[in-house]
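Pasted below: run-v1.cif, mmCIF, C-alpha atoms.
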data_structure
#
loop_
_atom_site.group_PDB
_atom_site.id
_atom_site.type_symbol
_atom_site.label_atom_id
_atom_site.label_comp_id
_atom_site.auth_asym_id
_atom_site.auth_seq_id
_atom_site.Cartn_x
_atom_site.Cartn_y
_atom_site.Cartn_z
ATOM 1 C CA MET A 85 131.377 121.184 102.600
ATOM 2 C CA ILE A 86 130.063 120.829 99.077
ATOM 3 C CA ASP A 87 126.540 119.518 98.817
ATOM 4 C CA GLN A 88 126.896 116.463 96.598
ATOM 5 C CA ARG A 89 123.201 115.684 96.449
ATOM 6 C CA LYS A 90 121.762 115.285 93.022
ATOM 7 C CA SER A 91 119.152 117.789 91.999
ATOM 8 C CA GLY A 92 115.827 116.863 93.593
ATOM 9 C CA GLU A 93 117.466 114.735 96.266
ATOM 10 C CA PRO A 94 116.037 115.540 99.721
ATOM 11 C CA GLY A 95 118.277 116.252 102.681
ATOM 12 C CA PRO A 96 117.931 113.761 105.516
ATOM 13 C CA GLU A 97 115.682 116.023 107.553
ATOM 14 C CA GLU A 98 113.924 117.758 104.699
ATOM 15 C CA ASP A 99 110.251 117.037 105.119
ATOM 16 C CA ASP A 100 107.516 116.485 102.585
ATOM 17 C CA PHE A 101 106.163 120.024 102.962
ATOM 18 C CA ALA A 102 109.563 121.512 102.070
ATOM 19 C CA LEU A 103 109.847 119.244 99.029
ATOM 20 C CA ALA A 104 106.343 120.204 97.907
ATOM 21 C CA ASP A 105 107.328 123.873 98.281
ATOM 22 C CA ARG A 106 110.368 123.354 96.067
ATOM 23 C CA VAL A 107 108.193 121.754 93.385
ATOM 24 C CA LEU A 108 105.674 124.593 93.539
ATOM 25 C CA LYS A 109 108.470 127.163 93.283
ATOM 26 C CA GLY A 110 109.492 125.631 89.985
ATOM 27 C CA GLU A 111 112.013 122.992 90.967
ATOM 28 C CA ARG A 112 110.029 120.212 89.340
ATOM 29 C CA ARG A 113 112.708 117.551 89.911
ATOM 30 C CA ALA A 114 112.026 117.708 93.643
ATOM 31 C CA PHE A 115 108.811 115.820 92.881
ATOM 32 C CA GLU A 116 110.905 112.745 92.064
ATOM 33 C CA ALA A 117 112.182 112.777 95.628
ATOM 34 C CA LEU A 118 108.599 112.749 96.890
ATOM 35 C CA VAL A 119 107.818 109.845 94.573
ATOM 36 C CA ARG A 120 110.837 107.865 95.752
ATOM 37 C CA ARG A 121 109.801 108.403 99.337
ATOM 38 C CA HIS A 122 106.200 107.302 98.840
ATOM 39 C CA GLU A 123 106.056 104.941 95.862
ATOM 40 C CA ARG A 124 106.104 101.847 98.012
ATOM 41 C CA ARG A 125 103.119 102.969 100.080
ATOM 42 C CA VAL A 126 101.168 104.068 97.018
ATOM 43 C CA PHE A 127 101.841 100.752 95.309
ATOM 44 C CA ARG A 128 100.825 98.771 98.386
ATOM 45 C CA VAL A 129 97.524 100.579 98.806
ATOM 46 C CA THR A 130 96.553 100.396 95.134
ATOM 47 C CA LEU A 131 97.460 96.713 95.179
ATOM 48 C CA ALA A 132 95.413 96.228 98.348
ATOM 49 C CA VAL A 133 92.326 97.758 96.741
ATOM 50 C CA LEU A 134 92.707 96.149 93.323
ATOM 51 C CA GLY A 135 94.355 92.816 94.064
ATOM 52 C CA ASN A 136 96.443 92.556 90.906
ATOM 53 C CA PHE A 137 99.767 94.021 89.822
ATOM 54 C CA GLU A 138 98.746 95.395 86.419
ATOM 55 C CA ASP A 139 95.831 97.463 87.718
ATOM 56 C CA ALA A 140 97.814 98.528 90.784
ATOM 57 C CA GLU A 141 100.619 99.833 88.574
ATOM 58 C CA GLU A 142 98.214 101.827 86.448
ATOM 59 C CA ALA A 143 96.455 103.283 89.492
ATOM 60 C CA MET A 144 99.816 104.187 91.019
ATOM 61 C CA GLN A 145 100.884 106.060 87.887
ATOM 62 C CA ASP A 146 97.557 107.899 87.729
ATOM 63 C CA ALA A 147 97.803 108.794 91.418
ATOM 64 C CA PHE A 148 101.247 110.381 91.075
ATOM 65 C CA VAL A 149 100.204 112.288 87.952
ATOM 66 C CA LYS A 150 97.151 113.614 89.787
ATOM 67 C CA ALA A 151 99.194 114.472 92.879
ATOM 68 C CA TYR A 152 101.670 116.435 90.753
ATOM 69 C CA ARG A 153 98.979 118.328 88.900
ATOM 70 C CA ASN A 154 97.076 119.119 92.101
ATOM 71 C CA LEU A 155 100.004 119.801 94.380
ATOM 72 C CA GLY A 156 98.903 123.434 94.683
ATOM 73 C CA GLN A 157 95.681 122.239 96.298
ATOM 74 C CA PHE A 158 97.490 120.379 99.063
ATOM 75 C CA ARG A 159 96.438 122.476 102.088
ATOM 76 C CA ARG A 160 98.780 120.993 104.687
ATOM 77 C CA GLU A 161 95.931 120.291 107.057
ATOM 78 C CA SER A 162 96.996 116.660 106.988
ATOM 79 C CA ARG A 163 100.319 114.929 106.432
ATOM 80 C CA PHE A 164 101.418 114.780 102.794
ATOM 81 C CA THR A 165 101.356 111.019 102.998
ATOM 82 C CA THR A 166 97.682 111.019 104.078
ATOM 83 C CA TRP A 167 96.755 113.347 101.219
ATOM 84 C CA LEU A 168 98.657 111.231 98.703
ATOM 85 C CA THR A 169 97.251 107.966 100.051
ATOM 86 C CA ARG A 170 93.734 109.327 99.690
ATOM 87 C CA ILE A 171 94.423 110.173 96.035
ATOM 88 C CA ALA A 172 95.860 106.700 95.453
ATOM 89 C CA ILE A 173 92.887 104.973 97.044
ATOM 90 C CA ASN A 174 90.445 107.083 95.050
ATOM 91 C CA GLU A 175 92.201 106.163 91.827
ATOM 92 C CA ALA A 176 92.146 102.500 92.781
ATOM 93 C CA LEU A 177 88.504 102.563 93.917
ATOM 94 C CA GLN A 178 87.423 104.253 90.686
ATOM 95 C CA LYS A 179 89.234 101.610 88.727
ATOM 96 C CA ARG A 180 87.624 98.888 90.795
ATOM 97 C CA GLU A 181 84.144 100.330 90.405
ATOM 98 C CA SER A 182 84.587 100.510 86.662
ATOM 99 C CA ARG A 183 85.009 96.749 86.614
ATOM 100 C CA LYS A 184 81.679 95.131 86.035
ATOM 101 C CA ASN A 185 80.336 93.201 89.034
ATOM 102 C CA TYR A 186 83.599 93.491 90.920
ATOM 103 C CA VAL A 187 82.461 95.440 93.979
ATOM 104 C CA SER A 188 79.086 93.832 94.381
ATOM 105 C CA LEU A 189 80.572 90.356 94.257
ATOM 106 C CA ASP A 190 83.295 91.228 96.689
ATOM 107 C CA GLU A 191 81.178 93.093 99.189
ATOM 108 C CA SER A 192 78.576 90.393 99.241
ATOM 109 C CA ARG A 193 81.169 88.407 101.118
ATOM 110 C CA GLU A 194 81.043 90.838 104.018
ATOM 111 C CA THR A 195 78.931 89.223 106.610
ATOM 112 C CA GLU A 196 77.779 90.009 110.084
ATOM 113 C CA ARG A 197 78.617 86.475 111.055
ATOM 114 C CA GLU A 198 81.560 86.316 113.449
ATOM 115 C CA PHE A 199 84.839 84.813 112.368
ATOM 116 C CA ILE A 200 85.631 81.967 114.724
ATOM 117 C CA PRO A 201 89.329 81.101 115.033
ATOM 118 C CA ARG A 202 89.912 77.414 114.465
ATOM 119 C CA ARG A 203 93.631 77.029 114.983
ATOM 120 C CA THR A 204 94.490 77.360 118.648
ATOM 121 C CA GLU A 205 97.865 75.640 118.911
ATOM 122 C CA THR A 206 100.802 77.748 120.074
ATOM 123 C CA TRP A 207 103.327 78.756 117.394
ATOM 124 C CA ARG A 208 106.864 77.612 116.938
ATOM 125 C CA ALA A 209 109.555 80.036 118.066
ATOM 126 C CA ASP A 210 111.684 82.088 115.639
ATOM 127 C CA PRO A 211 109.635 81.990 112.433
ATOM 128 C CA GLU A 212 112.458 83.765 110.566
ATOM 129 C CA LYS A 213 114.897 80.994 111.438
ATOM 130 C CA LEU A 214 112.313 78.450 110.435
ATOM 131 C CA TYR A 215 111.675 79.906 106.986
ATOM 132 C CA GLY A 216 114.112 82.723 106.260
ATOM 133 C CA LYS A 217 112.907 86.267 105.629
ATOM 134 C CA GLN A 218 112.285 85.785 101.913
ATOM 135 C CA GLU A 219 110.050 82.753 102.366
ATOM 136 C CA LEU A 220 108.263 84.318 105.308
ATOM 137 C CA ARG A 221 107.552 87.413 103.186
ATOM 138 C CA GLN A 222 106.100 85.124 100.539
ATOM 139 C CA ILE A 223 103.830 83.501 103.126
ATOM 140 C CA VAL A 224 102.663 86.922 104.359
ATOM 141 C CA GLU A 225 102.095 88.276 100.844
ATOM 142 C CA THR A 226 100.076 85.216 99.865
ATOM 143 C CA ALA A 227 97.977 85.578 103.012
ATOM 144 C CA ILE A 228 97.301 89.287 102.380
ATOM 145 C CA HIS A 229 96.521 88.558 98.753
ATOM 146 C CA GLY A 230 94.028 85.897 99.805
ATOM 147 C CA LEU A 231 91.913 88.318 101.862
ATOM 148 C CA PRO A 232 88.723 89.643 100.230
ATOM 149 C CA ALA A 233 89.359 93.237 99.079
ATOM 150 C CA ILE A 234 87.399 95.026 101.792
ATOM 151 C CA TYR A 235 89.397 93.247 104.505
ATOM 152 C CA ARG A 236 92.671 93.495 102.601
ATOM 153 C CA GLU A 237 92.481 97.275 102.221
ATOM 154 C CA ALA A 238 91.645 97.773 105.916
ATOM 155 C CA PHE A 239 94.513 95.509 106.926
ATOM 156 C CA VAL A 240 97.106 97.069 104.641
ATOM 157 C CA LEU A 241 96.285 100.657 105.606
ATOM 158 C CA ARG A 242 96.247 99.933 109.304
ATOM 159 C CA ASP A 243 98.731 97.118 109.883
ATOM 160 C CA VAL A 244 101.185 97.499 107.008
ATOM 161 C CA GLU A 245 101.114 101.263 106.476
ATOM 162 C CA GLU A 246 100.345 101.911 110.152
ATOM 163 C CA MET A 247 97.788 104.615 109.490
ATOM 164 C CA SER A 248 95.452 105.478 112.362
ATOM 165 C CA ALA A 249 91.950 103.965 112.285
ATOM 166 C CA GLU A 250 90.546 107.445 111.569
ATOM 167 C CA GLU A 251 92.940 108.102 108.665
ATOM 168 C CA ALA A 252 92.322 104.665 107.178
ATOM 169 C CA ALA A 253 88.541 104.969 107.479
ATOM 170 C CA GLU A 254 88.564 108.396 105.870
ATOM 171 C CA ALA A 255 90.812 107.223 103.047
ATOM 172 C CA ILE A 256 88.492 104.317 102.187
ATOM 173 C CA GLY A 257 85.361 106.387 102.769
ATOM 174 C CA ILE A 258 83.798 104.269 105.535
ATOM 175 C CA THR A 259 83.030 104.912 109.211
ATOM 176 C CA VAL A 260 85.630 104.216 111.874
ATOM 177 C CA GLY A 261 83.301 101.548 113.275
ATOM 178 C CA ALA A 262 83.121 99.753 109.932
ATOM 179 C CA LEU A 263 86.893 100.006 109.553
ATOM 180 C CA LYS A 264 87.442 98.464 112.972
ATOM 181 C CA SER A 265 85.065 95.614 112.336
ATOM 182 C CA ARG A 266 86.717 94.814 108.982
ATOM 183 C CA LEU A 267 90.130 95.077 110.576
ATOM 184 C CA LEU A 268 89.265 92.617 113.345
ATOM 185 C CA ARG A 269 88.122 90.088 110.799
ATOM 186 C CA ALA A 270 91.167 90.710 108.591
ATOM 187 C CA ARG A 271 93.539 90.218 111.519
ATOM 188 C CA LEU A 272 91.859 86.964 112.532
ATOM 189 C CA MET A 273 91.940 85.691 108.955
ATOM 190 C CA MET A 274 95.615 86.593 108.617
ATOM 191 C CA ARG A 275 96.399 84.866 111.912
ATOM 192 C CA GLU A 276 94.538 81.762 110.794
ATOM 193 C CA THR A 277 96.446 81.592 107.491
ATOM 194 C CA LEU A 278 99.844 82.143 109.082
ATOM 195 C CA ALA A 279 99.014 79.560 111.751
ATOM 196 C CA ALA A 280 98.928 76.892 109.062
ATOM 197 C CA SER A 281 102.669 77.457 108.529
ATOM 198 C CA LEU A 282 103.751 78.436 112.008
ATOM 199 C CA GLU A 283 101.862 76.476 114.613
ATOM 200 C CA GLU A 284 103.343 73.590 116.531
ATOM 201 C CA ARG A 285 102.218 70.162 115.521
ATOM 202 C CA PRO A 286 100.275 68.908 118.529
ATOM 203 C CA THR A 287 100.716 65.457 119.926
ATOM 204 C CA PHE A 288 97.686 63.203 119.876
ATOM 205 C CA GLY A 289 97.111 63.619 123.608
ATOM 206 C CA LYS A 290 97.343 67.408 123.326
ATOM 207 C CA LYS A 291 94.885 67.388 120.454
ATOM 208 C CA ILE A 292 92.335 65.611 122.609
ATOM 209 C CA LEU A 293 92.910 67.962 125.518
ATOM 210 C CA HIS A 294 92.574 71.034 123.322
ATOM 211 C CA THR A 295 89.425 69.719 121.735
ATOM 212 C CA ALA A 296 88.186 69.169 125.255
ATOM 213 C CA GLU A 297 88.598 72.842 126.030
ATOM 214 C CA GLY A 298 86.076 73.533 123.349
ATOM 215 C CA ILE A 299 83.524 70.919 124.281
ATOM 216 C CA GLY A 300 83.863 70.645 128.017
ATOM 217 C CA ILE A 301 86.142 68.667 130.245
ATOM 218 C CA SER A 302 83.680 65.955 131.191
ATOM 219 C CA VAL A 303 83.210 64.910 127.575
ATOM 220 C CA ALA A 304 86.989 64.965 127.113
ATOM 221 C CA LEU A 305 87.559 62.621 130.001
ATOM 222 C CA ARG A 306 85.152 60.182 128.415
ATOM 223 C CA VAL A 307 87.008 60.446 125.075
ATOM 224 C CA MET A 308 90.366 59.811 126.747
ATOM 225 C CA ARG A 309 89.025 56.849 128.625
ATOM 226 C CA ALA A 310 87.609 55.457 125.380
ATOM 227 C CA VAL A 311 90.948 55.959 123.543
ATOM 228 C CA ARG A 312 92.822 54.141 126.290
ATOM 229 C CA GLY A 313 90.313 51.345 125.890
ATOM 230 C CA MET B 264 82.879 94.715 134.847
ATOM 231 C CA LYS B 265 80.865 91.548 134.208
ATOM 232 C CA MET B 266 82.566 88.273 133.472
ATOM 233 C CA MET B 267 83.486 88.070 129.802
ATOM 234 C CA ASP B 268 82.935 85.015 127.663
ATOM 235 C CA CYS B 269 85.161 84.052 124.707
ATOM 236 C CA ARG B 270 82.948 85.944 122.268
ATOM 237 C CA ASP B 271 83.212 89.220 124.240
ATOM 238 C CA VAL B 272 86.936 88.713 124.568
ATOM 239 C CA LEU B 273 87.418 88.158 120.852
ATOM 240 C CA ALA B 274 85.398 91.284 120.025
ATOM 241 C CA ASN B 275 87.963 93.288 122.017
ATOM 242 C CA LEU B 276 91.045 91.739 120.416
ATOM 243 C CA SER B 277 91.951 94.889 118.467
ATOM 244 C CA CYS B 278 91.715 97.086 121.583
ATOM 245 C CA TYR B 279 94.134 94.742 123.282
ATOM 246 C CA VAL B 280 96.735 94.415 120.512
ATOM 247 C CA ASP B 281 96.572 98.148 119.730
ATOM 248 C CA GLY B 282 97.045 99.000 123.403
ATOM 249 C CA ASP B 283 93.717 100.876 123.491
ATOM 250 C CA GLY B 284 90.918 100.458 125.984
ATOM 251 C CA SER B 285 90.623 101.168 129.685
ATOM 252 C CA THR B 286 92.648 99.482 132.417
ATOM 253 C CA GLU B 287 89.403 97.880 133.547
ATOM 254 C CA LEU B 288 88.888 96.316 130.116
ATOM 255 C CA ARG B 289 92.479 95.073 129.925
ATOM 256 C CA ASN B 290 92.173 93.539 133.386
ATOM 257 C CA ALA B 291 88.958 91.793 132.374
ATOM 258 C CA LEU B 292 90.621 90.422 129.220
ATOM 259 C CA GLU B 293 93.703 89.284 131.160
ATOM 260 C CA GLY B 294 91.427 87.699 133.751
ATOM 261 C CA HIS B 295 89.664 85.651 131.087
ATOM 262 C CA MET B 296 92.860 84.629 129.349
ATOM 263 C CA ALA B 297 94.470 83.486 132.592
ATOM 264 C CA HIS B 298 92.164 80.482 132.514
ATOM 265 C CA CYS B 299 91.255 80.221 128.800
ATOM 266 C CA ARG B 300 94.109 78.788 126.771
ATOM 267 C CA PRO B 301 92.508 79.119 123.285
ATOM 268 C CA CYS B 302 91.825 82.845 123.807
ATOM 269 C CA ARG B 303 95.347 83.366 125.143
ATOM 270 C CA VAL B 304 96.793 81.638 122.067
ATOM 271 C CA VAL B 305 94.614 83.661 119.660
ATOM 272 C CA PHE B 306 95.677 86.935 121.279
ATOM 273 C CA ASP B 307 99.372 86.039 121.431
ATOM 274 C CA THR B 308 99.513 84.750 117.873
ATOM 275 C CA THR B 309 97.581 87.753 116.519
ATOM 276 C CA GLU B 310 100.236 89.978 118.071
ATOM 277 C CA LYS B 311 102.897 87.745 116.481
ATOM 278 C CA THR B 312 101.117 87.961 113.120
ATOM 279 C CA LEU B 313 101.208 91.755 113.176
ATOM 280 C CA ARG B 314 104.863 91.787 114.200
ATOM 281 C CA ILE B 315 105.837 89.375 111.413
ATOM 282 C CA VAL B 316 103.891 91.394 108.809
ATOM 283 C CA LEU B 317 105.818 94.545 109.718
ATOM 284 C CA ASP B 318 109.156 92.724 109.904
ATOM 285 C CA VAL B 319 109.004 91.187 106.433
ATOM 286 C CA GLU B 320 107.972 94.465 104.706
ATOM 287 C CA PRO B 321 105.603 92.899 102.174
ATOM 288 C CA PHE B 322 105.036 94.051 98.602
ATOM 289 C CA GLY B 323 107.995 96.028 97.390
ATOM 290 C CA VAL B 324 107.599 97.834 94.080
ATOM 291 C CA PRO B 325 109.024 95.584 91.331
ATOM 292 C CA LEU B 326 111.956 97.261 89.538
ATOM 293 C CA SER B 327 110.212 97.192 86.170
ATOM 294 C CA VAL B 328 107.096 98.844 87.657
ATOM 295 C CA SER B 329 109.232 101.534 89.266
ATOM 296 C CA ALA B 330 111.154 102.140 86.042
ATOM 297 C CA ARG B 331 107.952 102.639 84.044
ATOM 298 C CA LEU B 332 106.670 105.068 86.682
ATOM 299 C CA TYR B 333 109.813 107.222 86.474
ATOM 300 C CA THR B 334 109.705 107.210 82.678
ATOM 301 C CA LYS B 335 106.137 108.454 82.772
ATOM 302 C CA LEU B 336 106.920 111.122 85.374
ATOM 303 C CA GLU B 337 110.037 112.255 83.501
ATOM 304 C CA LYS B 338 107.811 113.118 80.568
ATOM 305 C CA LEU B 339 105.218 114.808 82.780
ATOM 306 C CA LEU B 340 107.797 116.932 84.612
ATOM 307 C CA ALA B 341 109.340 117.995 81.350
ATOM 308 C CA GLU B 342 106.015 119.089 79.875
ATOM 309 C CA GLU B 343 103.955 120.499 82.758
ATOM 310 C CA SER B 344 104.309 122.447 85.934
ATOM 311 C CA PRO B 345 101.925 121.752 88.788
ATOM 312 C CA VAL B 346 98.957 124.082 88.902
ATOM 313 C CA SER B 347 99.380 126.271 91.968
#
Starting from the file, give its structure as structure tokens.
Amino acid sequence: MIDQRKSGEPGPEEDDFALADRVLKGERRAFEALVRRHERRVFRVTLAVLGNFEDAEEAMQDAFVKAYRNLGQFRRESRFTTWLTRIAINEALQKRESRKNYVSLDESRETEREFIPRRTETWRADPEKLYGKQELRQIVETAIHGLPAIYREAFVLRDVEEMSAEEAAEAIGITVGALKSRLLRARLMMRETLAASLEERPTFGKKILHTAEGIGISVALRVMRAVRG
Amino acid sequence: MKMMDCRDVLANLSCYVDGDGSTELRNALEGHMAHCRPCRVVFDTTEKTLRIVLDVEPFGVPLSVSARLYTKLEKLLAEESPVS
């Protein structure tokens, strides 16, 4: 059977190492296949660090240029995607640090104070039927975008790109403990934002009962008695 | 394991949704949530949040952004080989 793949097109089972080998052996077009495979991840992580499309695009371009030029230094001790993601994050972090006051302002928001969930109603079933995938994606993107950068980058690496906590921590240059604490906060903030669109509207009686769970049943009984008159 | 309050339970949310942590810890969390509705809701809806985020595949690369990337790389590939 004739191979009808275009030059540089990977076979279905051809892995990143094999593609990198082809590039290093002089088949430069094979790099395009690597880019196609990873551009979405690289764009997501640069966007997560920088928070705006223009800077993310620039950092993505710089990351792929650097990856191409340094491909010979890729030692295969990690997955190609981890190596590339680290380059992308470094490019984005450098860009962020070059912005006056950006990091200090953002990181000052990191606090030891716990994040207390406020919305504790159950959610409506079938969110995709409720909104449709497009609208739901918009809700998710807005929520991710609204996270402060240090939480956004932890969330995107771990819960969108599904990197391990160790990989994500190493890529950002923080300890695993710090990554986990940022991630917990990011997850709770995301849940809180999505809850605004997805939770059930409680009845008045339910509202009182649920408030009661927070302040103690005896007080609640008094409130209910008072409401009934 | 000592009885957990809501604060302890919340601190272990990631262990629970990631499926990490000992059986003892999971049992303690389940034990708390069996009688604490707000914690149960927070755990369930955090799991839902993570599932929805993966399902909707957020932040695709806009076509124009992708096109500019390939134009730039086209030029690079034509002019340079990677340093090996």
With chain A as the partner and 10 Å as the cut-off, tabulate the residues of chain B that qualify, each row holding the nearest pair of atoms and their distance in Å to one decimal, using all atoms listed in the file, sorted by chain and rising number, as a tab-separated table.
residue	atom	partner	partner_atom	distance
B:Arg270	CA	A:Glu198	CA	8.9
B:Leu273	CA	A:Ile200	CA	8.9
B:Ala274	CA	A:Leu268	CA	7.8
B:Asn275	CA	A:Leu268	CA	8.8
B:Leu276	CA	A:Leu268	CA	7.3
B:Ser277	CA	A:Leu268	CA	6.2
B:Cys278	CA	A:Leu268	CA	9.7
B:Cys299	CA	A:Glu297	CA	8.3
B:Arg300	CA	A:Glu297	CA	8.1
B:Pro301	CA	A:Thr204	CA	5.3
B:Cys302	CA	A:Thr204	CA	8.0
B:Arg303	CA	A:Thr204	CA	8.9
B:Val304	CA	A:Thr206	CA	5.9
B:Val305	CA	A:Thr204	CA	6.4
B:Phe306	CA	A:Leu272	CA	9.5
B:Asp307	CA	A:Thr206	CA	8.5
B:Thr308	CA	A:Arg275	CA	6.7
B:Thr309	CA	A:Arg275	CA	5.6
B:Glu310	CA	A:Arg275	CA	8.9
B:Lys311	CA	A:Arg275	CA	8.4
B:Thr312	CA	A:Arg275	CA	5.8
B:Leu313	CA	A:Asp243	CA	6.8
B:Arg314	CA	A:Asp243	CA	9.2
B:Ile315	CA	A:Val224	CA	8.1
B:Val316	CA	A:Val224	CA	6.4
B:Leu317	CA	A:Val244	CA	6.1
B:Asp318	CA	A:Lys217	CA	8.6
B:Val319	CA	A:Arg221	CA	5.2
B:Glu320	CA	A:Arg221	CA	7.2
B:Pro321	CA	A:Arg221	CA	5.9
B:Phe322	CA	A:Arg128	CA	6.3
B:Gly323	CA	A:Arg124	CA	6.2
B:Val324	CA	A:Arg124	CA	5.8
B:Pro325	CA	A:Phe137	CA	9.5
B:Val328	CA	A:Glu141	CA	6.6
B:Ser329	CA	A:Glu123	CA	8.1
B:Arg331	CA	A:Gln145	CA	8.7
B:Leu332	CA	A:Gln145	CA	6.0
B:Tyr333	CA	A:Glu116	CA	7.9
B:Lys335	CA	A:Gln145	CA	7.7
B:Leu336	CA	A:Val149	CA	7.3
B:Glu337	CA	A:Glu116	CA	8.6
B:Leu339	CA	A:Val149	CA	7.6
B:Leu340	CA	A:Arg112	CA	6.2
B:Ala341	CA	A:Arg112	CA	8.3
B:Glu343	CA	A:Arg153	CA	8.2
B:Ser344	CA	A:Arg112	CA	7.0
B:Pro345	CA	A:Arg153	CA	4.5
B:Val346	CA	A:Arg153	CA	5.8
B:Ser347	CA	A:Gly156	CA	4.0
Around all the atoms of region 333-338 of chain B listed in the file, draw an axis-aligned box and extend it by 8 Å on each of the six sides; I want its centre and edge lengths in Å to one decimal, as AutoDock Vina command-line options.
--center_x 108.1 --center_y 110.2 --center_z 83.5 --size_x 19.9 --size_y 21.9 --size_z 21.9
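Interatomic distance, CA of Ala252 (chain A) against CA of Thr130 (chain A): 13.5 Å.
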Residues near Arg289 (chain B), cut-off 12 Å, all atoms listed in the file, skip fewer than 2 positions along chain, as a list in words: Met264, Met267, Val272, Asn275, Leu276, Ser277, Cys278, Tyr279, Val280, Asp281, Gly282, Asp283, Gly284, Ser285, Thr286, Glu287, Ala291, Leu292, Glu293, Gly294, His295 and Met296 of chain B
Selection result of the PyMOL selection byres ((chain A and resi 250) around 10) on this file, as number ranges by chain: A: 242, 247-249, 251-255, 258-261, 263-264
Explicit residues for the PyMOL selection byres ((chain A and resi 101) around 12) (as a PyMOL selection string): chain A and resi 94+97-100+102-108+114-115+117-118+155-156+158-165+167
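Note that the spacing between CA of Lys338 (chain B) and CA of His122 (chain A) amounts to 19.2 Å.
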